[in-house]
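A.B. asks: First, the structure itself, so that you have it in front of you.
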Amino acid sequence: MTNPILTIVMPAFNEEVALKKYLPEVIEFCEEKNYKLIVIDDGSKDNTWAVIESFNSINFKYLSHKVNKGYGAAIKTGINKTDTQYVITIDSDGQHYLEDVEKMCQLIQRTNADMIVGSRPNEKKAYYRNIGKYLIRKFAGILLKNNIKDINSGMKIYNVELAKKYIHLCPDGMSYSDTILLLFLNYKNLVLEEKIKLKSRESGTSTIGTKTAIETILQILNIAVLFKPIKVFGSIAVMTFILSLIWGIPILLDGRGLSVGTLLGILVSVFVFLLGLLVEQVSELRKNIKN
């Protein structure tokens, strides 16, 4: 038998019920296709770990975090233990179709792409999710030109060697999915997109809500500061400078000189611009990955 070419990485947090049904399907699929499987229990409070331990297979490995570290942290743990050419991340709630795993594995080999994103259909009732996806996609398009529609999809297949170079820059939370994609784009890797299907969640509850909307805003800001800080700070500096002039010119023309507010605004704009240059340098140092 040839060596496995693909590892499936599944982060799991409080998915006891879903894994009882889904995990046997994934293990059987991996045995049939000669893929490896790594499941990471991210500090679950239920019996997720007990369910994972109850299964056994040659190509099945399971790991555990003693405390909940986050979705991204679990994926990074799995990737660091991966020794195949490709890795694909899927959710442990049973919503992903395994035939899409096979389809994407064949596609990345055929196209020699570095990453393929599984593009999910929009959910009619998932307003927060759809709005969040739209905002992140638009903002990411400003930072890095791309045609990817579902940036934060949980199903992505990518080159393991490249992933191991980039993951130290990725956050431990949900924004891992967005950041790893933008890193691949930032370093001029070939990223494609393929449509996938989703099953309905049969157990557990989604965490999408107002908290997710707040996390999306913070996520956008974090991505901006990491990839294009000078755009963020430069725009703020220019806007502050222009507003200061608009405020101060009428006062100056009235013969009262430059107002304190105008001088303060100009100083703030200069400070923000210089801060942007500093953050740009720090960002480049963080992204300076040795081959």
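Labels for the structure tokens follow display order: chains A, B, ..., residues from 1 in each chain, ligands from 1.
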Which neighbours of stretch 57-74 of chain A fall inside 7 Å, counting only C-alpha atoms, when residues of the same chain fewer than 6 positions from it are skipped, and could you give them as a PyMOL selection string?
C.D. replies: chain A and resi 11+36-44+171-174+176
A.B. asks: Can you tell me which residues surround A:Leu263 at a distance of at most 12 Å, considering only C-alpha atoms, apart from same-chain residues fewer than 5 positions away, and format the answer as a ChimeraX atom specification?
C.D. replies: /A:240-245,247-249,252,257-258,268-270
A.B. asks: Export, as a compact mmCIF listing (two decimals), in the first residue's frame, the selected residues with C-alpha atoms.
C.D. replies:
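Dumped everything to again.txt:
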# COMPACT_ATOMS: atom_id res chain seq x y z
CA THR A 240 -7.33 63.49 11.01
CA PHE A 241 -5.06 65.94 9.16
CA ILE A 242 -7.81 66.97 6.72
CA LEU A 243 -10.39 67.42 9.49
CA SER A 244 -7.90 69.54 11.44
CA LEU A 245 -7.39 71.82 8.44
CA TRP A 247 -11.55 73.12 11.45
CA GLY A 248 -8.60 75.52 11.53
CA ILE A 249 -8.65 77.32 8.16
CA LEU A 252 -6.91 81.32 10.51
CA GLY A 257 -4.13 82.24 14.06
CA LEU A 258 -4.00 78.49 14.35
CA VAL A 268 -2.03 63.50 16.26
CA SER A 269 -2.06 62.81 12.52
CA VAL A 270 1.75 62.89 12.38
A.B. asks: List the spatial neighbours of A:Leu6 as a PyMOL selection string - criterion: any atom at most 12 Å away, only C-alpha atoms, same-chain residues fewer than 4 positions off excluded.
C.D. replies: chain A and resi 2+30-31+33-38+59+79+82-89+101-102+104-106+108-109+157-160
A.B. asks: Which one is closest to A:Lys76: A:Tyr22, A:Phe55, A:Tyr166, A:Trp49? Count only C-alpha atoms.
C.D. replies: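 Of the candidates, the smallest distance to A:Lys76 is held by A:Tyr166.
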A.B. asks: Check the smallest atom-to-atom distance from each of A:Ile196, A:Val17, A:Val9, A:Leu226 to A:Val279 using only C-alpha atoms, then report the winner.
C.D. replies: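 Smallest distance to A:Val279 is found for A:Leu226.
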A.B. asks: Where does DSSP see helix (DSSP H, G or I) in stretch 52-183 of chain A, if you list the residues as a count of residues only?
C.D. replies: 61
